[in-house]
Amino acid sequence: MPTTQAFTRQHRLLTGPQYQTVFDHSKWKVGNAAFLLLACPNQQALPRLGLVIGRKRAKRAVDRGCVKRRAREQFRLRQQQLAGLDIILLVRGRIDHPDPAEVTDQLGKLFDKLLAKCGQA
RNA sequence: CGGACCGGUCAGACAGUCGCUGGCGGCGUAGCCGCUAGAGGAAAGUCCGGGCUCCACAGGGCAGGGUGCCAGGUAACGCCUGGGGGCUACACUGGGAACGGUGUGGCUACGGCUAGUGCCACAGAGAAGAUACCGCCUGUUCCUUCCUCGUGUCGGAACCGGUAAGGGUGAAAAGGUGCGGUAAGAGCGCACCGCGCCGCUGGCAACAGCGGUGGCAGGGUAAACCCCACCCGGAGCAAGACCAAAUAGGGAUCCGUUGGCGUGGCCCGCGCUGGAUCCGGGUAGGUUGCUAGAGGUUUGUGGCGACGCAAACCCGAGAUGAAUGACUGUCCACGACAGAACCCGGCUUAUCGACCGGUCCACUUU
């Protein structure tokens, strides 16, 4: 098995219907004060990630970019374990001038938590 | 060397690992590999001005909006450059004073209240065709002091007037200073300063200078309505163009109505229903618009300057559920504000700092 850690367009949710499917059939939910992960099984060989980060939650473009990139990074590093899942990241709290290291830490823990939950099932 | 101001440049560096997007090349071509490029000075606010696209459009007017000293720059501007006026700070300086002159900065929303309308609290006697409260002064009458016994004189009251010097009120009270003048005063007269008008000179012009002339305008407010001059069609890349699945529906042609389904054991009958091909609209989705441009760099050249012209060279993001990142290590001045979304020119706002050039001031040394 090639342990590639690439993150391409196949690793993303691209269309509205794809997002809707995950929202309607989310089997696992993991969250904390700031973020929420929704996941459901897919028929693909690869896991797919979707991001929902609205201007309402994060006013500054820099903050939105920061969360997106860090979320993708954490997803990318765990993609071997996450295979067969469609995952959506939602922002719960208000984001303003966050500490980047803190964001990475929180997101990493959330993905681990999600893996633990799926592993039980 | 330090401080202030102005203008410009940069926006932690290096190495490794794992990734992302575009371009180019290669290959065994749904991909993989290699090379290469990959956020900003504000990418921001969306406050102006353009390009581009579609719609509308003979011409003119109204409404609405904008701009407002002059000249220039520009594709254009509410921007920029240069100039003028006004206000102001500091320094020097002229004058007895009012008030001026020079230099260096700063600010300036700077057309028009000699078209009209509106507003101007409070205070004050009076606030817009000015005004007499106190005061000052002439006169008349009365009271009063003095002795020289008067058409005198000291003090005072009332009244008729005069007055805009002084006091007082106010943001503002009919120019200011000085001299003369006068009963006291007053541009009443004169000189100077200020102001209006006329002329000449200089300047493209705003305007300035000089000379003459008038004793001298009648408050402020137009970021109040308004008047004058000039400018402005609307919507925006989710503009717009193209390709186009599935499902439903539309049109045309041909074929079928001897078919299929239901009822029924079957036939007749009855009820329901077409098939094939092509076309156009169009949803999801995709492609394009999409980055080579009012583009940079250097040199020359015109201009005080903004900027123009010419030549040579360069190509410096183009995503689209949305790339430009993460981690580790080392170093230092310990890294601010902040993330492209069609593209440019401005303005405004945010910002840890570093460097370069210029002007002014202060200080040290020779």
# chains A, B, ... in the order shown; residues from 1 in each chain; ligands from 1
call {"tool": "interface_residues", "arguments": {"of": "chain A", "to": "chain B", "cutoff": "10 Å", "atoms": "only C-alpha atoms (C1' of nucleotides)", "output": "number ranges by chain"}}
result
A: 4-8, 12-19, 49-52, 60-66, 69-70, 72-74, 76-77, 104
call {"tool": "residues_around", "arguments": {"residues": "A310 of chain B", "least_positions_apart": "4", "cutoff": "12 Å", "atoms": "only C-alpha atoms (C1' of nucleotides)", "output": "JSON, numbers by chain"}}
result
{"B": [299, 300, 301, 302]}
call {"tool": "residues_around", "arguments": {"residues": "Gln43 of chain A", "least_positions_apart": "6", "cutoff": "12 Å", "atoms": "only C-alpha atoms (C1' of nucleotides)", "output": "JSON, numbers by chain"}}
result
{"A": [83, 84, 85, 86]}
call {"tool": "write_last_selection", "arguments": {"atoms": "all heavy atoms", "output": "tab-separated table (two decimals), in the first residue's frame"}}
result
chain	number	residue	atom	x	y	z
A	83	ALA	N	-9.68	6.63	5.39
A	83	ALA	CA	-10.18	6.15	4.10
A	83	ALA	C	-11.60	5.62	4.23
A	83	ALA	O	-11.95	4.98	5.21
A	83	ALA	CB	-9.27	5.06	3.57
A	84	GLY	N	-12.43	5.95	3.22
A	84	GLY	CA	-13.81	5.48	3.22
A	84	GLY	C	-14.78	6.39	3.95
A	84	GLY	O	-15.93	6.06	4.15
A	85	LEU	N	-14.30	7.62	4.31
A	85	LEU	CA	-15.17	8.56	5.01
A	85	LEU	C	-15.29	9.86	4.23
A	85	LEU	O	-14.33	10.32	3.62
A	85	LEU	CB	-14.60	8.88	6.40
A	85	LEU	CG	-14.64	7.77	7.45
A	85	LEU	CD1	-13.93	8.26	8.70
A	85	LEU	CD2	-16.07	7.37	7.76
A	86	ASP	N	-16.50	10.42	4.25
A	86	ASP	CA	-16.68	11.81	3.83
A	86	ASP	C	-16.84	12.64	5.09
A	86	ASP	O	-17.65	12.32	5.95
A	86	ASP	CB	-17.94	11.96	2.96
A	86	ASP	CG	-17.67	11.51	1.53
A	86	ASP	OD1	-16.49	11.31	1.19
A	86	ASP	OD2	-18.64	11.38	0.77
call {"tool": "atom_distance", "arguments": {"atom1": "atom CA of Gln44 of chain A", "atom2": "atom C1' of A30 of chain B"}}
result
15.5 Å
call {"tool": "closest_residue", "arguments": {"among": "A:Val67, A:Leu115, A:Ile87, A:Ala33", "to": "Gln20 of chain A", "atoms": "only C-alpha atoms"}}
result
A:Ile87
call {"tool": "select_by_dssp", "arguments": {"residues": "segment 20-98 of chain A", "states": "strand (DSSP E)", "output": "PyMOL selection string"}}
result
chain A and resi 28-31+35-41+48-52+85-91
call {"tool": "residues_around", "arguments": {"residues": "G103 of chain B", "least_positions_apart": "3", "cutoff": "12 Å", "atoms": "only C-alpha atoms (C1' of nucleotides)", "output": "mmCIF file with N, CA and C atoms (P, O5', C5', C4', C3', O3' and C1' of nucleotides), in the first residue's frame"}}
result
data_model
loop_
_atom_site.group_PDB
_atom_site.id
_atom_site.type_symbol
_atom_site.label_atom_id
_atom_site.label_comp_id
_atom_site.auth_asym_id
_atom_site.auth_seq_id
_atom_site.Cartn_x
_atom_site.Cartn_y
_atom_site.Cartn_z
ATOM 1 P P C B 90 4.285 81.992 18.336
ATOM 2 O "O5'" C B 90 5.758 81.791 17.743
ATOM 3 C "C5'" C B 90 6.561 80.704 18.198
ATOM 4 C "C4'" C B 90 7.775 80.531 17.305
ATOM 5 C "C3'" C B 90 8.667 81.751 17.146
ATOM 6 O "O3'" C B 90 9.521 81.951 18.258
ATOM 7 C "C1'" C B 90 8.314 80.756 15.028
ATOM 8 P P A B 91 9.965 83.468 18.663
ATOM 9 O "O5'" A B 91 11.034 83.812 17.532
ATOM 10 C "C5'" A B 91 12.264 83.095 17.472
ATOM 11 C "C4'" A B 91 13.042 83.456 16.223
ATOM 12 C "C3'" A B 91 13.290 84.941 16.006
ATOM 13 O "O3'" A B 91 14.367 85.428 16.780
ATOM 14 C "C1'" A B 91 12.553 83.970 13.986
ATOM 15 P P C B 92 14.306 86.939 17.379
ATOM 16 O "O5'" C B 92 14.623 87.813 16.089
ATOM 17 C "C5'" C B 92 15.903 87.713 15.460
ATOM 18 C "C4'" C B 92 15.873 88.327 14.078
ATOM 19 C "C3'" C B 92 15.500 89.799 14.006
ATOM 20 O "O3'" C B 92 16.563 90.664 14.370
ATOM 21 C "C1'" C B 92 14.346 88.626 12.322
ATOM 22 P P U B 93 16.212 92.048 15.161
ATOM 23 O "O5'" U B 93 15.386 92.864 14.070
ATOM 24 C "C5'" U B 93 16.032 93.336 12.889
ATOM 25 C "C4'" U B 93 15.017 93.870 11.893
ATOM 26 C "C3'" U B 93 14.232 95.091 12.320
ATOM 27 O "O3'" U B 93 14.971 96.291 12.212
ATOM 28 C "C1'" U B 93 12.773 93.533 11.299
#
call {"tool": "closest_residue", "arguments": {"among": "B:U177, B:U21, B:U53, B:U108", "to": "G38 of chain B", "atoms": "only C-alpha atoms (C1' of nucleotides)"}}
result
B:U21
call {"tool": "residues_around", "arguments": {"residues": "G25 of chain B", "least_positions_apart": "3", "cutoff": "12 Å", "atoms": "only C-alpha atoms (C1' of nucleotides)", "output": "PyMOL selection string"}}
result
chain B and resi 33-36
call {"tool": "write_last_selection", "arguments": {"atoms": "all heavy atoms", "output": "PDB file, in the first residue's frame"}}
result
ATOM      1  P     C B  33       4.871  11.590  -8.735  1.00  0.00           P
ATOM      2  OP1   C B  33       5.368  11.144  -7.407  1.00  0.00           O
ATOM      3  OP2   C B  33       3.963  12.750  -8.833  1.00  0.00           O
ATOM      4  O5'   C B  33       6.131  11.848  -9.681  1.00  0.00           O
ATOM      5  C5'   C B  33       7.181  10.891  -9.742  1.00  0.00           C
ATOM      6  C4'   C B  33       8.174  11.250 -10.837  1.00  0.00           C
ATOM      7  O4'   C B  33       7.505  11.267 -12.130  1.00  0.00           O
ATOM      8  C3'   C B  33       8.776  12.643 -10.744  1.00  0.00           C
ATOM      9  O3'   C B  33       9.820  12.708  -9.787  1.00  0.00           O
ATOM     10  C2'   C B  33       9.261  12.860 -12.183  1.00  0.00           C
ATOM     11  O2'   C B  33      10.464  12.156 -12.435  1.00  0.00           O
ATOM     12  C1'   C B  33       8.130  12.221 -12.987  1.00  0.00           C
ATOM     13  N1    C B  33       7.120  13.214 -13.419  1.00  0.00           N
ATOM     14  C2    C B  33       7.372  13.982 -14.560  1.00  0.00           C
ATOM     15  O2    C B  33       8.425  13.836 -15.172  1.00  0.00           O
ATOM     16  N3    C B  33       6.450  14.900 -14.963  1.00  0.00           N
ATOM     17  C4    C B  33       5.310  15.052 -14.282  1.00  0.00           C
ATOM     18  N4    C B  33       4.433  15.945 -14.708  1.00  0.00           N
ATOM     19  C5    C B  33       5.027  14.278 -13.105  1.00  0.00           C
ATOM     20  C6    C B  33       5.955  13.382 -12.718  1.00  0.00           C
ATOM     21  P     G B  34      10.105  14.104  -9.017  1.00  0.00           P
ATOM     22  OP1   G B  34      11.094  13.836  -7.941  1.00  0.00           O
ATOM     23  OP2   G B  34       8.809  14.718  -8.676  1.00  0.00           O
ATOM     24  O5'   G B  34      10.805  15.002 -10.139  1.00  0.00           O
ATOM     25  C5'   G B  34      12.108  14.665 -10.610  1.00  0.00           C
ATOM     26  C4'   G B  34      12.477  15.510 -11.805  1.00  0.00           C
ATOM     27  O4'   G B  34      11.512  15.321 -12.869  1.00  0.00           O
ATOM     28  C3'   G B  34      12.454  17.019 -11.577  1.00  0.00           C
ATOM     29  O3'   G B  34      13.635  17.473 -10.925  1.00  0.00           O
ATOM     30  C2'   G B  34      12.328  17.542 -13.007  1.00  0.00           C
ATOM     31  O2'   G B  34      13.562  17.510 -13.686  1.00  0.00           O
ATOM     32  C1'   G B  34      11.374  16.521 -13.619  1.00  0.00           C
ATOM     33  N9    G B  34       9.964  16.956 -13.585  1.00  0.00           N
ATOM     34  C8    G B  34       8.983  16.504 -12.740  1.00  0.00           C
ATOM     35  N7    G B  34       7.819  17.073 -12.943  1.00  0.00           N
ATOM     36  C5    G B  34       8.062  17.968 -13.987  1.00  0.00           C
ATOM     37  C6    G B  34       7.197  18.866 -14.648  1.00  0.00           C
ATOM     38  O6    G B  34       5.987  19.069 -14.440  1.00  0.00           O
ATOM     39  N1    G B  34       7.843  19.580 -15.650  1.00  0.00           N
ATOM     40  C2    G B  34       9.178  19.442 -15.964  1.00  0.00           C
ATOM     41  N2    G B  34       9.629  20.212 -16.959  1.00  0.00           N
ATOM     42  N3    G B  34      10.004  18.601 -15.363  1.00  0.00           N
ATOM     43  C4    G B  34       9.380  17.907 -14.390  1.00  0.00           C
ATOM     44  P     C B  35      13.579  18.721  -9.927  1.00  0.00           P
ATOM     45  OP1   C B  35      14.872  18.831  -9.219  1.00  0.00           O
ATOM     46  OP2   C B  35      12.322  18.633  -9.151  1.00  0.00           O
ATOM     47  O5'   C B  35      13.456  19.945 -10.945  1.00  0.00           O
ATOM     48  C5'   C B  35      14.535  20.245 -11.827  1.00  0.00           C
ATOM     49  C4'   C B  35      14.104  21.266 -12.865  1.00  0.00           C
ATOM     50  O4'   C B  35      12.983  20.746 -13.627  1.00  0.00           O
ATOM     51  C3'   C B  35      13.577  22.583 -12.319  1.00  0.00           C
ATOM     52  O3'   C B  35      14.613  23.473 -11.941  1.00  0.00           O
ATOM     53  C2'   C B  35      12.753  23.104 -13.501  1.00  0.00           C
ATOM     54  O2'   C B  35      13.583  23.665 -14.509  1.00  0.00           O
ATOM     55  C1'   C B  35      12.129  21.813 -14.033  1.00  0.00           C
ATOM     56  N1    C B  35      10.774  21.574 -13.482  1.00  0.00           N
ATOM     57  C2    C B  35       9.695  22.263 -14.045  1.00  0.00           C
ATOM     58  O2    C B  35       9.879  23.056 -14.973  1.00  0.00           O
ATOM     59  N3    C B  35       8.443  22.054 -13.556  1.00  0.00           N
ATOM     60  C4    C B  35       8.262  21.192 -12.548  1.00  0.00           C
ATOM     61  N4    C B  35       7.031  21.014 -12.105  1.00  0.00           N
ATOM     62  C5    C B  35       9.342  20.483 -11.955  1.00  0.00           C
ATOM     63  C6    C B  35      10.568  20.704 -12.455  1.00  0.00           C
ATOM     64  P     U B  36      14.420  24.438 -10.670  1.00  0.00           P
ATOM     65  OP1   U B  36      15.672  25.185 -10.468  1.00  0.00           O
ATOM     66  OP2   U B  36      13.851  23.637  -9.566  1.00  0.00           O
ATOM     67  O5'   U B  36      13.304  25.453 -11.178  1.00  0.00           O
ATOM     68  C5'   U B  36      13.593  26.378 -12.226  1.00  0.00           C
ATOM     69  C4'   U B  36      12.334  27.041 -12.730  1.00  0.00           C
ATOM     70  O4'   U B  36      11.388  26.030 -13.171  1.00  0.00           O
ATOM     71  C3'   U B  36      11.541  27.833 -11.704  1.00  0.00           C
ATOM     72  O3'   U B  36      12.078  29.125 -11.467  1.00  0.00           O
ATOM     73  C2'   U B  36      10.158  27.880 -12.352  1.00  0.00           C
ATOM     74  O2'   U B  36      10.110  28.838 -13.389  1.00  0.00           O
ATOM     75  C1'   U B  36      10.060  26.482 -12.962  1.00  0.00           C
ATOM     76  N1    U B  36       9.365  25.524 -12.061  1.00  0.00           N
ATOM     77  C2    U B  36       7.981  25.541 -12.054  1.00  0.00           C
ATOM     78  O2    U B  36       7.324  26.300 -12.736  1.00  0.00           O
ATOM     79  N3    U B  36       7.396  24.643 -11.208  1.00  0.00           N
ATOM     80  C4    U B  36       8.036  23.734 -10.387  1.00  0.00           C
ATOM     81  O4    U B  36       7.362  22.981  -9.677  1.00  0.00           O
ATOM     82  C5    U B  36       9.465  23.784 -10.454  1.00  0.00           C
ATOM     83  C6    U B  36      10.063  24.647 -11.263  1.00  0.00           C
TER      84        U B  36
END
call {"tool": "residues_around", "arguments": {"residues": "C272 of chain B", "least_positions_apart": "6", "cutoff": "12 Å", "atoms": "only C-alpha atoms (C1' of nucleotides)", "output": "PDB file with all heavy atoms, in the first residue's frame"}}
result
ATOM      1  P     G B 260     -49.746  -6.562 -28.891  1.00  0.00           P
ATOM      2  OP1   G B 260     -49.029  -7.847 -28.631  1.00  0.00           O
ATOM      3  OP2   G B 260     -51.223  -6.553 -29.007  1.00  0.00           O
ATOM      4  O5'   G B 260     -49.327  -5.523 -27.738  1.00  0.00           O
ATOM      5  C5'   G B 260     -47.960  -5.384 -27.358  1.00  0.00           C
ATOM      6  C4'   G B 260     -47.819  -4.331 -26.288  1.00  0.00           C
ATOM      7  O4'   G B 260     -48.267  -3.066 -26.815  1.00  0.00           O
ATOM      8  C3'   G B 260     -48.690  -4.548 -25.049  1.00  0.00           C
ATOM      9  O3'   G B 260     -48.075  -5.433 -24.125  1.00  0.00           O
ATOM     10  C2'   G B 260     -48.848  -3.137 -24.501  1.00  0.00           C
ATOM     11  O2'   G B 260     -47.701  -2.747 -23.759  1.00  0.00           O
ATOM     12  C1'   G B 260     -48.914  -2.316 -25.788  1.00  0.00           C
ATOM     13  N9    G B 260     -50.292  -2.030 -26.223  1.00  0.00           N
ATOM     14  C8    G B 260     -50.929  -2.561 -27.331  1.00  0.00           C
ATOM     15  N7    G B 260     -52.159  -2.120 -27.473  1.00  0.00           N
ATOM     16  C5    G B 260     -52.325  -1.240 -26.391  1.00  0.00           C
ATOM     17  C6    G B 260     -53.464  -0.467 -26.033  1.00  0.00           C
ATOM     18  O6    G B 260     -54.548  -0.387 -26.590  1.00  0.00           O
ATOM     19  N1    G B 260     -53.213   0.267 -24.868  1.00  0.00           N
ATOM     20  C2    G B 260     -52.031   0.249 -24.160  1.00  0.00           C
ATOM     21  N2    G B 260     -51.998   1.004 -23.087  1.00  0.00           N
ATOM     22  N3    G B 260     -50.968  -0.472 -24.497  1.00  0.00           N
ATOM     23  C4    G B 260     -51.190  -1.189 -25.616  1.00  0.00           C
ATOM     24  P     C B 261     -48.982  -6.447 -23.284  1.00  0.00           P
ATOM     25  OP1   C B 261     -48.069  -7.364 -22.549  1.00  0.00           O
ATOM     26  OP2   C B 261     -50.033  -6.995 -24.179  1.00  0.00           O
ATOM     27  O5'   C B 261     -49.669  -5.475 -22.231  1.00  0.00           O
ATOM     28  C5'   C B 261     -48.885  -4.832 -21.233  1.00  0.00           C
ATOM     29  C4'   C B 261     -49.701  -3.834 -20.436  1.00  0.00           C
ATOM     30  O4'   C B 261     -50.201  -2.795 -21.335  1.00  0.00           O
ATOM     31  C3'   C B 261     -50.987  -4.394 -19.820  1.00  0.00           C
ATOM     32  O3'   C B 261     -50.745  -5.097 -18.617  1.00  0.00           O
ATOM     33  C2'   C B 261     -51.802  -3.117 -19.603  1.00  0.00           C
ATOM     34  O2'   C B 261     -51.369  -2.408 -18.471  1.00  0.00           O
ATOM     35  C1'   C B 261     -51.462  -2.319 -20.859  1.00  0.00           C
ATOM     36  N1    C B 261     -52.481  -2.500 -21.925  1.00  0.00           N
ATOM     37  C2    C B 261     -53.670  -1.774 -21.853  1.00  0.00           C
ATOM     38  O2    C B 261     -53.861  -1.015 -20.895  1.00  0.00           O
ATOM     39  N3    C B 261     -54.610  -1.918 -22.814  1.00  0.00           N
ATOM     40  C4    C B 261     -54.381  -2.766 -23.827  1.00  0.00           C
ATOM     41  N4    C B 261     -55.325  -2.889 -24.771  1.00  0.00           N
ATOM     42  C5    C B 261     -53.179  -3.516 -23.940  1.00  0.00           C
ATOM     43  C6    C B 261     -52.268  -3.354 -22.975  1.00  0.00           C
ATOM     44  P     G B 262     -51.666  -6.313 -18.214  1.00  0.00           P
ATOM     45  OP1   G B 262     -51.119  -6.941 -16.983  1.00  0.00           O
ATOM     46  OP2   G B 262     -51.902  -7.153 -19.422  1.00  0.00           O
ATOM     47  O5'   G B 262     -53.032  -5.596 -17.839  1.00  0.00           O
ATOM     48  C5'   G B 262     -53.129  -4.768 -16.674  1.00  0.00           C
ATOM     49  C4'   G B 262     -54.463  -4.074 -16.595  1.00  0.00           C
ATOM     50  O4'   G B 262     -54.684  -3.292 -17.790  1.00  0.00           O
ATOM     51  C3'   G B 262     -55.685  -4.987 -16.539  1.00  0.00           C
ATOM     52  O3'   G B 262     -55.912  -5.479 -15.228  1.00  0.00           O
ATOM     53  C2'   G B 262     -56.807  -4.052 -17.017  1.00  0.00           C
ATOM     54  O2'   G B 262     -57.271  -3.225 -15.971  1.00  0.00           O
ATOM     55  C1'   G B 262     -56.086  -3.201 -18.052  1.00  0.00           C
ATOM     56  N9    G B 262     -56.349  -3.621 -19.432  1.00  0.00           N
ATOM     57  C8    G B 262     -55.491  -4.298 -20.283  1.00  0.00           C
ATOM     58  N7    G B 262     -56.023  -4.521 -21.462  1.00  0.00           N
ATOM     59  C5    G B 262     -57.297  -3.963 -21.379  1.00  0.00           C
ATOM     60  C6    G B 262     -58.329  -3.903 -22.365  1.00  0.00           C
ATOM     61  O6    G B 262     -58.321  -4.344 -23.517  1.00  0.00           O
ATOM     62  N1    G B 262     -59.449  -3.255 -21.870  1.00  0.00           N
ATOM     63  C2    G B 262     -59.570  -2.737 -20.596  1.00  0.00           C
ATOM     64  N2    G B 262     -60.729  -2.160 -20.319  1.00  0.00           N
ATOM     65  N3    G B 262     -58.607  -2.776 -19.689  1.00  0.00           N
ATOM     66  C4    G B 262     -57.506  -3.411 -20.139  1.00  0.00           C
ATOM     67  P     U B 263     -56.443  -6.985 -15.033  1.00  0.00           P
ATOM     68  OP1   U B 263     -56.410  -7.268 -13.569  1.00  0.00           O
ATOM     69  OP2   U B 263     -55.694  -7.848 -15.960  1.00  0.00           O
ATOM     70  O5'   U B 263     -57.951  -6.915 -15.511  1.00  0.00           O
ATOM     71  C5'   U B 263     -58.908  -6.131 -14.779  1.00  0.00           C
ATOM     72  C4'   U B 263     -60.227  -6.093 -15.507  1.00  0.00           C
ATOM     73  O4'   U B 263     -60.061  -5.429 -16.780  1.00  0.00           O
ATOM     74  C3'   U B 263     -60.794  -7.459 -15.893  1.00  0.00           C
ATOM     75  O3'   U B 263     -61.496  -8.043 -14.804  1.00  0.00           O
ATOM     76  C2'   U B 263     -61.722  -7.119 -17.063  1.00  0.00           C
ATOM     77  O2'   U B 263     -62.985  -6.698 -16.624  1.00  0.00           O
ATOM     78  C1'   U B 263     -60.992  -5.952 -17.719  1.00  0.00           C
ATOM     79  N1    U B 263     -60.242  -6.347 -18.936  1.00  0.00           N
ATOM     80  C2    U B 263     -60.904  -6.237 -20.145  1.00  0.00           C
ATOM     81  O2    U B 263     -62.061  -5.850 -20.254  1.00  0.00           O
ATOM     82  N3    U B 263     -60.169  -6.613 -21.257  1.00  0.00           N
ATOM     83  C4    U B 263     -58.879  -7.073 -21.254  1.00  0.00           C
ATOM     84  O4    U B 263     -58.335  -7.367 -22.330  1.00  0.00           O
ATOM     85  C5    U B 263     -58.246  -7.154 -19.954  1.00  0.00           C
ATOM     86  C6    U B 263     -58.950  -6.806 -18.877  1.00  0.00           C
TER      87        U B 263
END
